[in-house]
$ cat coords-v4.csv   # CSV, C-alpha atoms
chain,number,residue,atom,x,y,z
A,1,MET,CA,104.2,-191.0,10.5
A,2,THR,CA,107.0,-193.4,11.7
A,3,PRO,CA,105.9,-195.4,14.8
A,4,VAL,CA,107.5,-194.4,18.1
A,5,HIS,CA,109.1,-196.6,20.7
A,6,LEU,CA,106.8,-197.7,23.5
A,7,GLU,CA,107.5,-199.4,26.8
A,8,GLU,CA,104.7,-201.5,28.1
A,9,ALA,CA,103.7,-203.2,31.4
A,10,GLY,CA,100.6,-204.9,32.6
A,11,THR,CA,97.9,-206.9,30.8
A,12,ASP,CA,94.6,-205.9,32.4
A,13,GLY,CA,92.7,-202.8,33.4
A,14,PRO,CA,92.4,-199.4,31.9
A,15,LEU,CA,95.0,-198.1,29.3
A,16,LEU,CA,97.3,-195.5,30.9
A,17,PHE,CA,99.4,-193.8,28.2
A,18,CYS,CA,102.4,-191.8,29.6
A,19,LEU,CA,104.1,-188.7,27.9
A,20,HIS,CA,107.4,-187.6,29.3
A,21,GLY,CA,108.9,-184.2,29.9
A,22,ILE,CA,111.1,-182.3,27.4
A,23,GLY,CA,114.3,-183.6,28.8
A,24,SER,CA,113.4,-187.2,29.3
A,25,SER,CA,112.1,-190.4,27.9
A,26,SER,CA,109.9,-193.4,28.8
A,27,ALA,CA,112.5,-194.3,31.4
A,28,ALA,CA,111.0,-191.5,33.5
A,29,PHE,CA,108.0,-193.7,34.1
A,30,ALA,CA,109.8,-196.7,35.6
A,31,PRO,CA,108.0,-196.2,38.9
A,32,GLN,CA,104.6,-196.2,37.1
A,33,LEU,CA,105.4,-199.1,34.8
A,34,ASP,CA,106.5,-201.1,37.8
A,35,ALA,CA,103.8,-200.3,40.4
A,36,LEU,CA,100.7,-199.4,38.4
A,37,SER,CA,101.0,-202.3,36.0
A,38,ALA,CA,99.2,-204.4,38.6
A,39,TYR,CA,96.1,-202.3,38.0
A,40,ALA,CA,96.4,-200.9,34.5
A,41,ARG,CA,98.0,-201.5,31.1
A,42,VAL,CA,100.8,-198.9,31.4
A,43,VAL,CA,102.4,-197.6,28.2
A,44,ALA,CA,105.2,-195.0,28.1
A,45,TRP,CA,106.5,-193.5,24.9
A,46,ASP,CA,109.7,-192.0,23.7
A,47,ALA,CA,108.5,-189.0,21.8
A,48,PRO,CA,109.5,-188.6,18.1
A,49,GLY,CA,113.2,-187.8,18.0
A,50,TYR,CA,113.9,-189.0,21.6
A,51,ALA,CA,115.8,-192.0,23.0
A,52,LYS,CA,114.8,-195.1,21.1
A,53,SER,CA,112.3,-193.4,18.8
A,54,PRO,CA,113.4,-192.5,15.3
A,55,ASP,CA,113.8,-188.9,14.2
A,56,PRO,CA,110.7,-187.4,12.6
A,57,ASP,CA,110.7,-186.9,8.9
A,58,GLY,CA,110.2,-183.2,9.2
A,59,GLU,CA,109.7,-180.5,11.8
A,60,LEU,CA,107.0,-181.2,14.4
A,61,ASP,CA,105.0,-178.5,16.2
A,62,LEU,CA,102.8,-179.1,19.2
A,63,ASP,CA,100.0,-180.4,17.0
A,64,GLY,CA,102.5,-182.8,15.4
A,65,PHE,CA,103.5,-184.3,18.7
A,66,ALA,CA,99.9,-184.6,19.8
A,67,ASP,CA,99.0,-186.3,16.5
A,68,ALA,CA,101.9,-188.7,17.0
A,69,ALA,CA,100.6,-189.6,20.4
A,70,ALA,CA,97.1,-190.0,18.9
A,71,GLU,CA,98.5,-192.5,16.4
A,72,ALA,CA,100.1,-194.5,19.1
A,73,ILE,CA,97.0,-194.6,21.2
A,74,ARG,CA,94.9,-195.7,18.2
A,75,SER,CA,97.1,-198.7,17.8
A,76,TYR,CA,95.6,-200.1,21.1
A,77,GLY,CA,92.0,-199.8,19.7
A,78,GLU,CA,90.5,-197.9,22.7
A,79,PRO,CA,90.7,-194.5,24.4
A,80,ALA,CA,93.5,-194.0,27.0
A,81,HIS,CA,93.9,-192.3,30.3
A,82,VAL,CA,96.7,-190.0,29.4
A,83,LEU,CA,99.4,-189.0,31.9
A,84,GLY,CA,101.6,-186.1,30.9
A,85,VAL,CA,104.5,-184.7,32.9
A,86,SER,CA,105.7,-181.1,32.2
A,87,TRP,CA,106.0,-180.8,28.4
A,88,GLY,CA,104.1,-184.1,28.2
A,89,GLY,CA,101.2,-182.4,30.0
A,90,VAL,CA,101.1,-179.7,27.4
A,91,ILE,CA,101.0,-182.4,24.7
A,92,ALA,CA,98.3,-184.3,26.6
A,93,LEU,CA,96.1,-181.2,26.8
A,94,ARG,CA,96.5,-180.5,23.1
A,95,LEU,CA,95.8,-184.2,22.4
A,96,ALA,CA,92.6,-184.0,24.4
A,97,ALA,CA,91.5,-180.9,22.5
A,98,ARG,CA,92.3,-182.3,19.0
A,99,HIS,CA,91.4,-185.9,19.6
A,100,PRO,CA,88.8,-186.0,22.4
A,101,GLU,CA,87.6,-189.5,21.3
A,102,LEU,CA,91.0,-190.9,22.2
A,103,VAL,CA,91.3,-189.5,25.7
A,104,ALA,CA,89.2,-191.1,28.5
A,105,SER,CA,90.8,-188.8,31.1
A,106,LEU,CA,93.9,-186.8,31.8
A,107,ILE,CA,96.5,-186.6,34.6
A,108,VAL,CA,98.6,-183.5,34.0
A,109,ALA,CA,101.6,-183.4,36.3
A,110,ASP,CA,104.0,-180.5,37.1
A,111,SER,CA,102.9,-178.8,33.9
A,112,SER,CA,101.8,-175.4,32.5
A,113,ALA,CA,99.9,-173.8,29.7
A,114,GLY,CA,103.2,-173.5,27.8
A,115,SER,CA,106.2,-171.2,27.7
A,116,GLY,CA,104.4,-169.0,25.2
A,117,THR,CA,102.5,-167.4,28.2
A,118,ASP,CA,105.7,-165.4,29.0
A,119,PRO,CA,108.1,-163.8,26.5
A,120,GLU,CA,111.1,-164.4,28.7
A,121,LYS,CA,110.3,-168.1,29.2
A,122,ALA,CA,109.6,-168.5,25.5
A,123,ALA,CA,113.0,-167.0,24.6
A,124,GLY,CA,114.7,-169.2,27.2
A,125,MET,CA,113.0,-172.3,25.8
A,126,ARG,CA,114.0,-171.4,22.2
A,127,ALA,CA,117.7,-171.0,23.3
A,128,ARG,CA,117.8,-174.6,24.6
A,129,ALA,CA,118.5,-176.2,21.2
A,130,THR,CA,121.6,-174.1,20.8
A,131,GLU,CA,122.7,-174.9,24.3
A,132,LEU,CA,122.3,-178.7,23.6
A,133,ALA,CA,124.3,-178.3,20.4
A,134,GLU,CA,127.1,-176.5,22.2
A,135,LEU,CA,127.3,-178.6,25.3
A,136,GLY,CA,126.4,-182.0,24.1
A,137,PRO,CA,123.8,-184.3,25.8
A,138,ARG,CA,125.9,-185.3,28.8
A,139,ALA,CA,127.0,-181.8,29.9
A,140,PHE,CA,123.6,-180.4,29.0
A,141,ALA,CA,121.9,-183.1,31.3
A,142,ALA,CA,124.4,-182.5,34.1
A,143,GLN,CA,123.6,-178.8,34.1
A,144,ARG,CA,119.8,-179.1,33.9
A,145,GLY,CA,119.0,-182.4,35.6
A,146,PRO,CA,119.6,-181.6,39.2
A,147,ARG,CA,117.1,-178.7,39.0
A,148,LEU,CA,114.2,-181.1,38.3
A,149,VAL,CA,114.1,-182.5,41.8
A,150,SER,CA,114.0,-181.0,45.2
A,151,PRO,CA,117.2,-180.2,47.1
A,152,ASP,CA,116.6,-183.1,49.4
A,153,ALA,CA,116.3,-185.7,46.6
A,154,PRO,CA,118.7,-188.6,47.1
A,155,ALA,CA,121.9,-188.6,45.0
A,156,GLU,CA,120.9,-191.8,43.2
A,157,LEU,CA,117.7,-190.1,41.9
A,158,VAL,CA,119.6,-187.1,40.7
A,159,GLN,CA,122.0,-189.3,38.8
A,160,ARG,CA,119.2,-191.3,37.3
A,161,VAL,CA,117.5,-188.1,36.1
A,162,VAL,CA,120.8,-186.9,34.5
A,163,ASP,CA,121.5,-190.3,32.9
A,164,THR,CA,117.9,-190.5,31.5
A,165,MET,CA,118.2,-187.0,30.0
A,166,SER,CA,121.6,-187.6,28.5
A,167,CYS,CA,120.4,-190.8,26.8
A,168,ALA,CA,117.1,-189.2,25.6
A,169,VAL,CA,117.8,-185.8,24.1
A,170,ARG,CA,119.3,-185.1,20.7
A,171,LEU,CA,118.8,-182.8,17.8
A,172,PRO,CA,116.6,-182.2,15.9
A,173,GLY,CA,113.9,-183.8,18.1
A,174,TYR,CA,114.7,-181.7,21.2
A,175,GLY,CA,114.8,-178.6,19.1
A,176,HIS,CA,111.3,-179.3,17.7
A,177,ALA,CA,110.1,-179.9,21.3
A,178,ALA,CA,111.6,-176.7,22.6
A,179,ALA,CA,110.1,-174.7,19.8
A,180,SER,CA,106.7,-176.3,20.3
A,181,MET,CA,106.8,-175.4,24.0
A,182,ALA,CA,108.0,-171.9,23.3
A,183,ALA,CA,105.0,-171.3,21.0
A,184,ALA,CA,102.4,-172.8,23.3
A,185,ASP,CA,99.8,-170.9,25.2
A,186,LEU,CA,97.0,-173.2,26.0
A,187,ARG,CA,95.0,-170.9,28.2
A,188,PRO,CA,92.4,-170.0,25.5
A,189,GLU,CA,91.7,-173.7,24.8
A,190,LEU,CA,91.5,-175.2,28.3
A,191,SER,CA,87.7,-174.7,28.5
A,192,ALA,CA,87.3,-176.8,25.4
A,193,VAL,CA,88.9,-179.9,27.1
A,194,THR,CA,86.1,-182.2,28.0
A,195,ALA,CA,88.1,-185.1,29.6
A,196,PRO,CA,88.0,-185.3,33.4
A,197,THR,CA,91.4,-184.2,34.6
A,198,LEU,CA,93.6,-184.6,37.6
A,199,VAL,CA,96.2,-181.8,37.9
A,200,VAL,CA,99.2,-182.7,40.1
A,201,CYS,CA,102.1,-180.7,41.3
A,202,GLY,CA,105.0,-181.2,43.6
A,203,ASP,CA,105.0,-178.7,46.4
A,204,ARG,CA,108.7,-178.0,45.8
A,205,ASP,CA,108.5,-177.6,42.0
A,206,THR,CA,110.5,-174.5,41.0
A,207,VAL,CA,110.6,-175.3,37.3
A,208,THR,CA,106.9,-174.8,36.3
A,209,GLY,CA,105.7,-174.3,39.8
A,210,VAL,CA,102.5,-174.5,41.7
A,211,GLU,CA,101.1,-171.3,40.3
A,212,ALA,CA,101.3,-172.6,36.7
A,213,SER,CA,99.5,-175.8,37.6
A,214,GLN,CA,96.8,-173.7,39.4
A,215,VAL,CA,96.2,-171.8,36.1
A,216,LEU,CA,95.5,-175.2,34.4
A,217,ALA,CA,93.2,-176.3,37.2
A,218,GLY,CA,91.3,-173.1,37.1
A,219,GLY,CA,90.8,-173.2,33.4
A,220,LEU,CA,89.6,-176.8,33.1
A,221,HIS,CA,85.9,-177.7,33.7
A,222,LYS,CA,86.2,-181.3,35.1
A,223,CYS,CA,89.2,-181.0,37.2
A,224,ALA,CA,90.6,-182.1,40.6
A,225,TYR,CA,93.9,-180.5,41.9
A,226,VAL,CA,96.3,-182.1,44.3
A,227,ILE,CA,99.8,-181.3,45.7
A,228,VAL,CA,102.4,-184.0,46.2
A,229,LYS,CA,104.4,-183.2,49.3
A,230,ASP,CA,108.2,-183.2,49.4
A,231,ALA,CA,108.5,-183.4,45.6
A,232,GLY,CA,110.1,-181.2,43.0
A,233,HIS,CA,109.3,-181.0,39.3
A,234,LEU,CA,109.5,-184.7,38.8
A,235,ALA,CA,107.0,-185.7,41.4
A,236,ASN,CA,106.3,-189.0,39.7
A,237,GLN,CA,109.9,-190.0,40.3
A,238,GLU,CA,110.7,-188.3,43.5
A,239,GLN,CA,107.6,-189.4,45.4
A,240,PRO,CA,106.3,-192.3,43.4
A,241,GLU,CA,104.2,-193.9,46.1
A,242,ARG,CA,102.3,-190.7,46.8
A,243,PHE,CA,102.0,-189.9,43.1
A,244,ASN,CA,100.8,-193.3,42.1
A,245,ALA,CA,98.2,-193.3,44.9
A,246,TRP,CA,96.7,-190.2,43.4
A,247,VAL,CA,96.7,-191.7,39.9
A,248,LEU,CA,95.1,-194.9,41.1
A,249,SER,CA,92.4,-192.9,42.9
A,250,HIS,CA,91.7,-190.9,39.7
A,251,LEU,CA,91.5,-194.0,37.6
A,252,HIS,CA,89.2,-195.6,40.0
A,253,ILE,CA,86.8,-192.6,40.2
A,254,VAL,CA,86.8,-192.0,36.4
A,255,THR,CA,86.3,-195.7,35.4
A,256,ASN,CA,83.5,-196.1,37.9
A,257,GLN,CA,81.8,-193.0,36.6
A,258,ARG,CA,82.1,-194.2,33.1
A,259,SER,CA,80.6,-197.6,34.1
A,260,THR,CA,77.7,-196.0,35.9
A,261,HIS,CA,77.0,-193.7,32.9
A,262,GLN,CA,77.1,-196.6,30.5
A,263,ARG,CA,74.7,-198.7,32.6
A,264,LYS,CA,72.3,-195.7,32.8
A,265,GLY,CA,72.6,-195.2,29.1

$ encode --input "coords-v4.csv" --output "structure tokens"
Amino acid sequence: MTPVHLEEAGTDGPLLFCLHGIGSSSAAFAPQLDALSAYARVVAWDAPGYAKSPDPDGELDLDGFADAAAEAIRSYGEPAHVLGVSWGGVIALRLAARHPELVASLIVADSSAGSGTDPEKAAGMRARATELAELGPRAFAAQRGPRLVSPDAPAELVQRVVDTMSCAVRLPGYGHAAASMAAADLRPELSAVTAPTLVVCGDRDTVTGVEASQVLAGGLHKCAYVIVKDAGHLANQEQPERFNAWVLSHLHIVTNQRSTHQRKG
């Protein structure tokens, strides 16, 4: 598989590997690359067929995206704490199920069990590739981007979200991603995920929504669930200080638990 583009920050601490949403790129994690790099080695990918990553050689399903993430993590020679936002959270959960040895823990933000849980949502997701082809990236992003943050989000954030999307999405990569999301229903496999998980959701997320994140939290064995106040679907960008504080708390707890377990072992 062709290597993907990675943005990196930080030289010490645990490895935090970040998977963006379906309409985004590594640029979505600028607040995490900036602030969390003092405590962790933060890596954010451009998924295959997105932004600076090359197009995949063939069609990718959810397993294919998860395997691409696994290949990137393996290059660092150690397991990663995997942060996935929206579609990235779906990939992260499949990654943890397929490659548990590579996932030290999960942070699943504003995500769901996949659009395959609802026929109407699945159909809408499958239609997105056609919509992108008809509108082009800029108009597509201008239409979709503002929905991803709360109505009170500052104009500069809305513009940043739109700009990120317009520079990130293209066919065929976006089409593969939409198809993978439309086919996904992770509910039966959540109980098989062994990695300790933090499920995060913005309280004003109307895209996947609080109920969808609660389904994830309810299906995972080792799970904490938190709400980020005054944040829409992109909680990590809209309320980065609050979001980052939860991530740091999770990393601190998980790494301390691992150290204690290793000492006892």

$ atom_distance --input "coords-v4.csv" --atom1 "CA of Arg204 (chain A)" --atom2 "CA of Gly175 (chain A)"
27.4 Å

$ atom_distance --input "coords-v4.csv" --atom1 "CA of Ser26 (chain A)" --atom2 "CA of Arg187 (chain A)"
27.0 Å

$ residues_around --input "coords-v4.csv" --residues "Leu148 (chain A)" --least-positions-apart "6" --cutoff "8 Å" --atoms "all atoms listed in the file" --output "ChimeraX atom specification"
/A:205,207,232-234

$ write_last_selection --input "coords-v4.csv" --atoms "C-alpha atoms" --output "short mmCIF file (atom, residue, chain, number, x, y, z; two decimals), in the coordinates of the input"
data_model
loop_
_atom_site.label_atom_id
_atom_site.label_comp_id
_atom_site.auth_asym_id
_atom_site.auth_seq_id
_atom_site.Cartn_x
_atom_site.Cartn_y
_atom_site.Cartn_z
CA ASP A 205 108.50 -177.60 42.00
CA VAL A 207 110.60 -175.30 37.30
CA GLY A 232 110.10 -181.20 43.00
CA HIS A 233 109.30 -181.00 39.30
CA LEU A 234 109.50 -184.70 38.80
#

$ closest_residue --input "coords-v4.csv" --among "A:Asp34, A:Phe140, A:Arg128, A:Ser111" --to "Val210 (chain A)" --atoms "all atoms listed in the file"
A:Ser111

$ closest_residue --input "coords-v4.csv" --among "A:Pro151, A:Gly89, A:Gly145, A:Gly23" --to "Arg170 (chain A)" --atoms "all atoms listed in the file"
A:Gly23

$ closest_residue --input "coords-v4.csv" --among "A:Gly77, A:Pro3, A:Pro240, A:Pro172" --to "Ala129 (chain A)" --atoms "all atoms listed in the file"
A:Pro172

$ residues_near_point --input "coords-v4.csv" --point "(117.1, -171.2, 26.1)" --cutoff "12 Å" --atoms "all atoms listed in the file" --output "number ranges by chain"
A: 115, 119-134, 140, 144, 174-175, 178-179, 181-182

$ residues_around --input "coords-v4.csv" --residues "Ala141 (chain A)" --least-positions-apart "2" --cutoff "12 Å" --atoms "only C-alpha atoms" --output "VMD selection string"
chain A and resid 22 to 24 128 131 to 132 135 to 139 143 to 148 158 to 170

$ decode --input "coords-v4.csv" --residues "region 115-143 of chain A" --atoms "N, CA and C atoms" --output "JSON list (two decimals), in the first residue's frame"
[["chain", "number", "residue", "atom", "x", "y", "z"],
["A", 115, "SER", "N", -23.06, 4.74, 9.16],
["A", 115, "SER", "CA", -24.33, 5.10, 8.52],
["A", 115, "SER", "C", -25.16, 3.89, 8.14],
["A", 116, "GLY", "N", -24.55, 2.70, 8.15],
["A", 116, "GLY", "CA", -25.28, 1.48, 7.84],
["A", 116, "GLY", "C", -26.30, 1.09, 8.90],
["A", 117, "THR", "N", -26.33, 1.82, 10.00],
["A", 117, "THR", "CA", -27.33, 1.55, 11.03],
["A", 117, "THR", "C", -28.71, 2.05, 10.63],
["A", 118, "ASP", "N", -28.78, 2.88, 9.58],
["A", 118, "ASP", "CA", -30.05, 3.48, 9.17],
["A", 118, "ASP", "C", -30.10, 3.56, 7.64],
["A", 119, "PRO", "N", -31.09, 2.94, 6.98],
["A", 119, "PRO", "CA", -31.12, 2.93, 5.52],
["A", 119, "PRO", "C", -31.13, 4.33, 4.90],
["A", 120, "GLU", "N", -31.84, 5.27, 5.52],
["A", 120, "GLU", "CA", -31.90, 6.62, 4.98],
["A", 120, "GLU", "C", -30.54, 7.31, 5.05],
["A", 121, "LYS", "N", -29.86, 7.15, 6.19],
["A", 121, "LYS", "CA", -28.52, 7.73, 6.33],
["A", 121, "LYS", "C", -27.54, 7.08, 5.36],
["A", 122, "ALA", "N", -27.66, 5.77, 5.18],
["A", 122, "ALA", "CA", -26.78, 5.07, 4.25],
["A", 122, "ALA", "C", -26.97, 5.57, 2.82],
["A", 123, "ALA", "N", -28.22, 5.76, 2.42],
["A", 123, "ALA", "CA", -28.50, 6.26, 1.07],
["A", 123, "ALA", "C", -27.95, 7.67, 0.88],
["A", 124, "GLY", "N", -28.12, 8.50, 1.90],
["A", 124, "GLY", "CA", -27.59, 9.86, 1.84],
["A", 124, "GLY", "C", -26.08, 9.88, 1.72],
["A", 125, "MET", "N", -25.44, 8.98, 2.44],
["A", 125, "MET", "CA", -23.98, 8.90, 2.38],
["A", 125, "MET", "C", -23.52, 8.44, 1.00],
["A", 126, "ARG", "N", -24.20, 7.46, 0.43],
["A", 126, "ARG", "CA", -23.81, 6.96, -0.91],
["A", 126, "ARG", "C", -23.98, 8.04, -1.98],
["A", 127, "ALA", "N", -24.91, 8.97, -1.76],
["A", 127, "ALA", "CA", -25.17, 10.02, -2.74],
["A", 127, "ALA", "C", -24.11, 11.11, -2.74],
["A", 128, "ARG", "N", -23.27, 11.11, -1.74],
["A", 128, "ARG", "CA", -22.33, 12.22, -1.60],
["A", 128, "ARG", "C", -21.28, 12.28, -2.70],
["A", 129, "ALA", "N", -20.84, 11.14, -3.20],
["A", 129, "ALA", "CA", -19.83, 11.15, -4.25],
["A", 129, "ALA", "C", -20.36, 11.84, -5.50],
["A", 130, "THR", "N", -21.62, 11.56, -5.83],
["A", 130, "THR", "CA", -22.24, 12.22, -6.98],
["A", 130, "THR", "C", -22.36, 13.70, -6.74],
["A", 131, "GLU", "N", -22.71, 14.07, -5.52],
["A", 131, "GLU", "CA", -22.83, 15.49, -5.17],
["A", 131, "GLU", "C", -21.50, 16.20, -5.31],
["A", 132, "LEU", "N", -20.42, 15.56, -4.86],
["A", 132, "LEU", "CA", -19.10, 16.16, -5.01],
["A", 132, "LEU", "C", -18.72, 16.30, -6.47],
["A", 133, "ALA", "N", -19.02, 15.29, -7.28],
["A", 133, "ALA", "CA", -18.70, 15.34, -8.70],
["A", 133, "ALA", "C", -19.46, 16.47, -9.40],
["A", 134, "GLU", "N", -20.71, 16.67, -9.01],
["A", 134, "GLU", "CA", -21.53, 17.70, -9.66],
["A", 134, "GLU", "C", -21.17, 19.12, -9.23],
["A", 135, "LEU", "N", -20.88, 19.29, -7.94],
["A", 135, "LEU", "CA", -20.65, 20.63, -7.41],
["A", 135, "LEU", "C", -19.20, 21.08, -7.50],
["A", 136, "GLY", "N", -18.28, 20.11, -7.40],
["A", 136, "GLY", "CA", -16.87, 20.45, -7.26],
["A", 136, "GLY", "C", -16.54, 20.69, -5.80],
["A", 137, "PRO", "N", -15.25, 20.56, -5.42],
["A", 137, "PRO", "CA", -14.87, 20.62, -4.01],
["A", 137, "PRO", "C", -15.24, 21.93, -3.31],
["A", 138, "ARG", "N", -15.06, 23.07, -3.95],
["A", 138, "ARG", "CA", -15.30, 24.35, -3.28],
["A", 138, "ARG", "C", -16.78, 24.54, -2.95],
["A", 139, "ALA", "N", -17.66, 24.34, -3.92],
["A", 139, "ALA", "CA", -19.09, 24.50, -3.66],
["A", 139, "ALA", "C", -19.61, 23.42, -2.72],
["A", 140, "PHE", "N", -19.08, 22.22, -2.85],
["A", 140, "PHE", "CA", -19.45, 21.12, -1.96],
["A", 140, "PHE", "C", -19.11, 21.47, -0.52],
["A", 141, "ALA", "N", -17.89, 22.00, -0.32],
["A", 141, "ALA", "CA", -17.45, 22.38, 1.03],
["A", 141, "ALA", "C", -18.24, 23.55, 1.57],
["A", 142, "ALA", "N", -18.55, 24.52, 0.73],
["A", 142, "ALA", "CA", -19.33, 25.68, 1.18],
["A", 142, "ALA", "C", -20.72, 25.28, 1.63],
["A", 143, "GLN", "N", -21.26, 24.23, 1.02],
["A", 143, "GLN", "CA", -22.59, 23.75, 1.38],
["A", 143, "GLN", "C", -22.57, 22.93, 2.67]]
